[in-house]
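Enquirer: The structure that follows is given in the form of structure tokens.
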Amino acid sequence: HGTRMDNVKNNRSFVREFLEGETLFITGVTGYLGKVLLYKLFSSCPGLKEKSVYVLVRGKKELSAQKRFEEDVLEGSLLMKGLLARDPSIWSKIVVIEGDIAKSKLGMSVDDYERVAANCSVVIHMAATTNFNENLRKSVMLNVHGSQRVLELSKKMKNLKSVTHTSTCYVNATRHGTAEIREKIYPLSFDPYEMIESIMKMTEEEADAATPGIIGDNPNTYTFTKNIAEHLVAQEKGDIPYCMVRPSIIGGAWKEPLPGWVDSLIGPAGLSLAAGLGALHAMPGYSSAVTDIIPVDLVANTILVAAYHTAVNPPGKRFPIYHISSSSTNPVTWGNLACAVAGNFQRHPSKRSMARAWVGLVPPHLYPFAHKVVHVAPAALADARLVVTGQTPKFVKKAATLDQIARSLEFFTSHQWFFGQHNLLAMWQSLSPGDAELFNFDTSKRNINWEVYFAYFCEGLRKYLLKEISDEDRQFFMSKL
């Protein structure tokens, strides 16, 4: 593939044609990104064959994998429900495989393992624990061993075309500053195999105690284990066609499935909602620091295009990495986000608002004082009122939870990074006009206007998380489905 100009022959979508001809094995489909990727896959590739999308799902409590997938992903999501109503044949295209990335052979039965190896040709690995405070040993089992097991299964696939692994830009979180972080693997200061061995010898309690010493300058166990996973996969992949997509902080949708679509409190959604409802007024960090938010639909599109691109341009021993982020092409600051959220919720207060929405970023050394003044003191007063009326106090406890969340993000709100996108832009340039339209992941100002995006995002928080939706909106929403 040359530049886009070489592909102006027609409006064909080569990515769609490719995906419709393959059988996919996808992990992580019950997560926010996973649901959006499945929606995109089924809505943009109606020609997918019967039994062509194998999804690995872990059963939960009394729910089998099949039941959990139906409840969480298909029935539980208005979007998929609408898609299934329009195209009932989607049911016949999905094969739910019971499994668990933390277990040997991905927790799959022998028959299922062999069936996937025999039938699947494109692998998309998104399953991980994204909990920043996850126990280190558990994080290794899911993020490191899980990735190794997906690689092991991929190597057994007779018709393998490509493997696309979702990592995170923040594997290089320690490289903050003004220097560009490139789409490559930077060396570690330790042997990853020895590190994993020593962590796995510990109990969960021992690992908890040893975590700060082990992760060093890394902000949390998530970025630390995702980084190790990249190194091990790079060493073990051999010449199988394997690529890595590193998203930055995933936010609500830009265009698809619907502008502002958000169904979980991950990334910036939780804090934005707390600020919008007037519960959060201070955050540790700097308002001038560049945040790196990326809409979820652009990430899903990048993954699907990377799966195609890696198959049609086999990288051999190379290991292509793509940064899907905004800091180097279309930067926006934490201050911009805070102002947009507060302003939007002031103009359109939620029915559940506790106080007027306003929020400021406070330098980290002053934050503990600010927290006491704007969160703890009002919470203590509110609790005193509850106690006087014979009710159970709860607000100081809630202020402590907010504080915990704010502090877990402090590393990201008080530093900035600039993620280079040379590989991503080259891949974007190689797309046909049809593909660029259908699988848009243009992060530039030409595509994303942050003011409009934040308005959609706040509207999405109210509509899809708080379920506050007008009759007129509901009619529009149902017509879109």
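Residue numbers start at 1 in each chain; chains themselves are named A, B, ... in the order of the structure tokens; ligands are numbered from 1 in the order shown.
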Given only C-alpha atoms, how would the per-residue table for range 267-315 of chain A near range 365-368 of chain A read, listing every residue at most 8 Å away with its closest atom pair and distance in Å to one decimal, sorted by chain and number, as JSON lines?
Expert:
{"residue": "A:Ala282", "atom": "CA", "partner": "A:Tyr367", "partner_atom": "CA", "distance": 7.4}
{"residue": "A:Met283", "atom": "CA", "partner": "A:Tyr367", "partner_atom": "CA", "distance": 7.0}
{"residue": "A:Pro284", "atom": "CA", "partner": "A:Tyr367", "partner_atom": "CA", "distance": 5.4}
Enquirer: Can you build me a table of range 294-394 of chain A residues sitting at most 8 Å from range 256-274 of chain A, with the closest atom pair per residue and its distance in Å to one decimal, using only C-alpha atoms, sorted by chain and residue number, as CSV?
Expert:
residue,atom,partner,partner_atom,distance
A:Asp297,CA,A:Glu256,CA,5.9
A:Ala338,CA,A:Ser272,CA,7.7
A:Val341,CA,A:Ser272,CA,6.5
Enquirer: Quick one: residues within 6 Å of Gly285 in chain A, only C-alpha atoms counted, chain neighbours fewer than 4 positions away excluded, as a PyMOL selection string?
Expert: chain A and resi 361-364+413-414
Enquirer: Those residues you just picked out, can you put them in a file as a PDB file, in the first residue's frame with N, CA and C atoms?
Expert:
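The result, written out as part-v8.pdb:
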ATOM      1  N   LEU A 361      -7.983  22.226  39.569  1.00  0.00           N
ATOM      2  CA  LEU A 361      -6.799  21.394  39.810  1.00  0.00           C
ATOM      3  C   LEU A 361      -5.861  22.151  40.731  1.00  0.00           C
ATOM      4  N   VAL A 362      -5.418  21.475  41.772  1.00  0.00           N
ATOM      5  CA  VAL A 362      -4.610  22.103  42.814  1.00  0.00           C
ATOM      6  C   VAL A 362      -3.234  21.446  42.806  1.00  0.00           C
ATOM      7  N   PRO A 363      -2.125  22.225  42.844  1.00  0.00           N
ATOM      8  CA  PRO A 363      -0.795  21.590  42.878  1.00  0.00           C
ATOM      9  C   PRO A 363      -0.758  20.506  43.960  1.00  0.00           C
ATOM     10  N   PRO A 364      -0.167  19.335  43.644  1.00  0.00           N
ATOM     11  CA  PRO A 364      -0.235  18.184  44.555  1.00  0.00           C
ATOM     12  C   PRO A 364       0.142  18.487  46.008  1.00  0.00           C
ATOM     13  N   THR A 413      -2.493  13.422  36.246  1.00  0.00           N
ATOM     14  CA  THR A 413      -2.938  14.817  36.184  1.00  0.00           C
ATOM     15  C   THR A 413      -1.800  15.794  36.507  1.00  0.00           C
ATOM     16  N   SER A 414      -0.704  15.268  37.040  1.00  0.00           N
ATOM     17  CA  SER A 414       0.393  16.181  37.398  1.00  0.00           C
ATOM     18  C   SER A 414       1.630  15.997  36.515  1.00  0.00           C
TER      19      SER A 414
END
Enquirer: Taking 3 positions as the minimum chain separation for residues in the same chain, which residues sit within 8 Å of Lys317 in chain A when counting only C-alpha atoms? Answer as a list in words.
Expert: Gly238, Asp239 and Ile240 of chain A
Enquirer: Go ahead and save the residues from that selection, with N, CA, C and O atoms, as a PDB file, in the first residue's frame.
Expert:
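Okay, this is what ended up in out.pdb:
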ATOM      1  N   GLY A 238       8.553 -14.599  17.809  1.00  0.00           N
ATOM      2  CA  GLY A 238       9.176 -15.177  16.615  1.00  0.00           C
ATOM      3  C   GLY A 238       8.787 -14.367  15.400  1.00  0.00           C
ATOM      4  O   GLY A 238       8.779 -13.138  15.448  1.00  0.00           O
ATOM      5  N   ASP A 239       8.369 -15.044  14.315  1.00  0.00           N
ATOM      6  CA  ASP A 239       8.015 -14.259  13.125  1.00  0.00           C
ATOM      7  C   ASP A 239       6.517 -14.298  12.840  1.00  0.00           C
ATOM      8  O   ASP A 239       6.095 -14.104  11.712  1.00  0.00           O
ATOM      9  N   ILE A 240       5.705 -14.535  13.890  1.00  0.00           N
ATOM     10  CA  ILE A 240       4.264 -14.501  13.614  1.00  0.00           C
ATOM     11  C   ILE A 240       3.822 -13.038  13.461  1.00  0.00           C
ATOM     12  O   ILE A 240       4.395 -12.146  14.076  1.00  0.00           O
TER      13      ILE A 240
END
Enquirer: How close does range 391-474 of chain A get to range 176-186 of chain A? List, as CSV, each residue of range 391-474 of chain A within 12 Å, its nearest atom pair and the distance in Å to one decimal, counting only C-alpha atoms.
Expert:
residue,atom,partner,partner_atom,distance
A:Phe411,CA,A:His176,CA,10.0
A:Phe412,CA,A:His176,CA,9.5
A:Thr413,CA,A:His176,CA,11.5
A:Ser414,CA,A:His176,CA,10.0
A:His415,CA,A:His176,CA,6.3
A:Gln416,CA,A:His176,CA,5.7
A:Trp417,CA,A:His176,CA,4.9
A:Phe418,CA,A:Glu180,CA,5.1
A:Phe419,CA,A:Ile181,CA,4.8
A:Gly420,CA,A:Arg182,CA,5.1
A:Gln421,CA,A:Glu183,CA,6.9
A:His422,CA,A:Glu183,CA,7.5
A:Asn423,CA,A:Glu183,CA,7.1
A:Leu424,CA,A:Glu183,CA,8.8
A:Leu425,CA,A:Glu183,CA,11.4
Enquirer: Include N, CA, C and O atoms and write out the residues we just selected as a PDB file, in the first residue's frame.
Expert:
ATOM      1  N   PHE A 411      -0.818  10.924  39.403  1.00  0.00           N
ATOM      2  CA  PHE A 411       0.365  10.772  38.548  1.00  0.00           C
ATOM      3  C   PHE A 411       0.067  11.279  37.128  1.00  0.00           C
ATOM      4  O   PHE A 411       0.905  11.887  36.476  1.00  0.00           O
ATOM      5  N   PHE A 412      -1.172  11.026  36.669  1.00  0.00           N
ATOM      6  CA  PHE A 412      -1.542  11.381  35.288  1.00  0.00           C
ATOM      7  C   PHE A 412      -1.961  12.844  35.161  1.00  0.00           C
ATOM      8  O   PHE A 412      -1.806  13.444  34.105  1.00  0.00           O
ATOM      9  N   THR A 413      -2.493  13.422  36.246  1.00  0.00           N
ATOM     10  CA  THR A 413      -2.938  14.817  36.184  1.00  0.00           C
ATOM     11  C   THR A 413      -1.800  15.794  36.507  1.00  0.00           C
ATOM     12  O   THR A 413      -1.926  16.986  36.288  1.00  0.00           O
ATOM     13  N   SER A 414      -0.704  15.268  37.040  1.00  0.00           N
ATOM     14  CA  SER A 414       0.393  16.181  37.398  1.00  0.00           C
ATOM     15  C   SER A 414       1.630  15.997  36.515  1.00  0.00           C
ATOM     16  O   SER A 414       2.654  16.621  36.744  1.00  0.00           O
ATOM     17  N   HIS A 415       1.550  15.105  35.522  1.00  0.00           N
ATOM     18  CA  HIS A 415       2.633  14.969  34.535  1.00  0.00           C
ATOM     19  C   HIS A 415       2.012  15.064  33.153  1.00  0.00           C
ATOM     20  O   HIS A 415       0.801  14.963  32.994  1.00  0.00           O
ATOM     21  N   GLN A 416       2.867  15.193  32.144  1.00  0.00           N
ATOM     22  CA  GLN A 416       2.345  15.112  30.777  1.00  0.00           C
ATOM     23  C   GLN A 416       3.288  14.311  29.900  1.00  0.00           C
ATOM     24  O   GLN A 416       4.479  14.195  30.178  1.00  0.00           O
ATOM     25  N   TRP A 417       2.731  13.762  28.842  1.00  0.00           N
ATOM     26  CA  TRP A 417       3.477  12.911  27.919  1.00  0.00           C
ATOM     27  C   TRP A 417       3.131  13.336  26.492  1.00  0.00           C
ATOM     28  O   TRP A 417       2.029  13.827  26.241  1.00  0.00           O
ATOM     29  N   PHE A 418       4.061  13.105  25.586  1.00  0.00           N
ATOM     30  CA  PHE A 418       3.769  13.340  24.164  1.00  0.00           C
ATOM     31  C   PHE A 418       4.084  12.055  23.413  1.00  0.00           C
ATOM     32  O   PHE A 418       5.237  11.657  23.298  1.00  0.00           O
ATOM     33  N   PHE A 419       3.021  11.376  22.977  1.00  0.00           N
ATOM     34  CA  PHE A 419       3.177  10.084  22.322  1.00  0.00           C
ATOM     35  C   PHE A 419       3.246  10.279  20.808  1.00  0.00           C
ATOM     36  O   PHE A 419       2.294  10.756  20.196  1.00  0.00           O
ATOM     37  N   GLY A 420       4.383   9.923  20.233  1.00  0.00           N
ATOM     38  CA  GLY A 420       4.564  10.039  18.775  1.00  0.00           C
ATOM     39  C   GLY A 420       3.640   9.071  18.051  1.00  0.00           C
ATOM     40  O   GLY A 420       3.254   8.042  18.592  1.00  0.00           O
ATOM     41  N   GLN A 421       3.300   9.412  16.795  1.00  0.00           N
ATOM     42  CA  GLN A 421       2.346   8.578  16.048  1.00  0.00           C
ATOM     43  C   GLN A 421       2.807   8.296  14.620  1.00  0.00           C
ATOM     44  O   GLN A 421       1.995   8.275  13.700  1.00  0.00           O
ATOM     45  N   HIS A 422       4.107   8.071  14.450  1.00  0.00           N
ATOM     46  CA  HIS A 422       4.627   7.881  13.079  1.00  0.00           C
ATOM     47  C   HIS A 422       3.998   6.653  12.418  1.00  0.00           C
ATOM     48  O   HIS A 422       3.556   6.717  11.276  1.00  0.00           O
ATOM     49  N   ASN A 423       3.947   5.531  13.140  1.00  0.00           N
ATOM     50  CA  ASN A 423       3.372   4.302  12.568  1.00  0.00           C
ATOM     51  C   ASN A 423       1.871   4.462  12.341  1.00  0.00           C
ATOM     52  O   ASN A 423       1.335   4.034  11.325  1.00  0.00           O
ATOM     53  N   LEU A 424       1.197   5.078  13.318  1.00  0.00           N
ATOM     54  CA  LEU A 424      -0.255   5.250  13.202  1.00  0.00           C
ATOM     55  C   LEU A 424      -0.586   6.115  11.986  1.00  0.00           C
ATOM     56  O   LEU A 424      -1.483   5.785  11.205  1.00  0.00           O
ATOM     57  N   LEU A 425       0.162   7.206  11.803  1.00  0.00           N
ATOM     58  CA  LEU A 425      -0.122   8.108  10.678  1.00  0.00           C
ATOM     59  C   LEU A 425       0.185   7.439   9.340  1.00  0.00           C
ATOM     60  O   LEU A 425      -0.523   7.646   8.357  1.00  0.00           O
TER      61      LEU A 425
END
Enquirer: So, with only C-alpha atoms as the atoms that count, which of A:Phe132, A:Phe319, A:Phe395, A:Phe14 lies closest to Met244 in chain A?
Expert: A:Phe319
Enquirer: Residues at most 7 Å from range 143-148 of chain A, counting only C-alpha atoms, excluding those fewer than 3 positions away in the same chain, as a ChimeraX atom specification?
Expert: /A:101-102,128-129,139-140,151-152,225-226,228-229,233
Enquirer: Hey, can you check how far CA of Lys61 in chain A sits from CA of Leu83 in chain A?
Expert: 27.9 Å
Enquirer: Enumerate, as a PyMOL selection string, the complete set of residues in range 162-408 of chain A that a backbone-based DSSP assignment places in strand (DSSP E or B).
Expert: chain A and resi 162-166+180-181+242-247+249-251+282-284+290-291+293-295+321-324+332-333+360-362
Enquirer: If you count only C-alpha atoms, which residues fall within 6 Å of Ser327 in chain A, apart from same-chain ones fewer than 3 positions away, as a PyMOL selection string?
Expert: chain A and resi 292+330-331+418
Enquirer: So, with only C-alpha atoms as the atoms that count, which of A:Met157, A:Leu465, A:Cys243, A:Cys169 lies closest to Tyr222 in chain A?
Expert: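 Smallest distance to Tyr222 in chain A is found for A:Cys169.
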Enquirer: Which residues are near Ala253 in chain A? Cut-off 12 Å, only C-alpha atoms, ignore same chain within fewer than 3 positions. Put them as an MDAnalysis selection string.
Expert: chainID A and resid 32:33 35:37 40 250 256:263 269 293:301 441 448 452:461 464
Enquirer: Could you tell me which of A:Lys372, A:Val359, A:Asp87, A:Lys155 comes closest to Asp403 in chain A if we count only C-alpha atoms?
Expert: A:Lys372
Enquirer: Looking only at helix (DSSP H, G or I) from DSSP on the backbone, list the matching residues of range 162-303 of chain A as a PyMOL selection string.
Expert: chain A and resi 169-175+192-200+204-215+221-236+269-276+296-303
Enquirer: Measure the distance from CA of Val171 in chain A to CA of Gln404 in chain A in Å and round it to one decimal.
Expert: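 Atom-to-atom, CA of Val171 in chain A and CA of Gln404 in chain A are spaced 22.1 Å apart.
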Enquirer: Could you state the separation of CA of Ala426 in chain A and CA of Thr443 in chain A in Å, given to one decimal place?
Expert: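 Computing it gives 13.1 Å between the two atoms.
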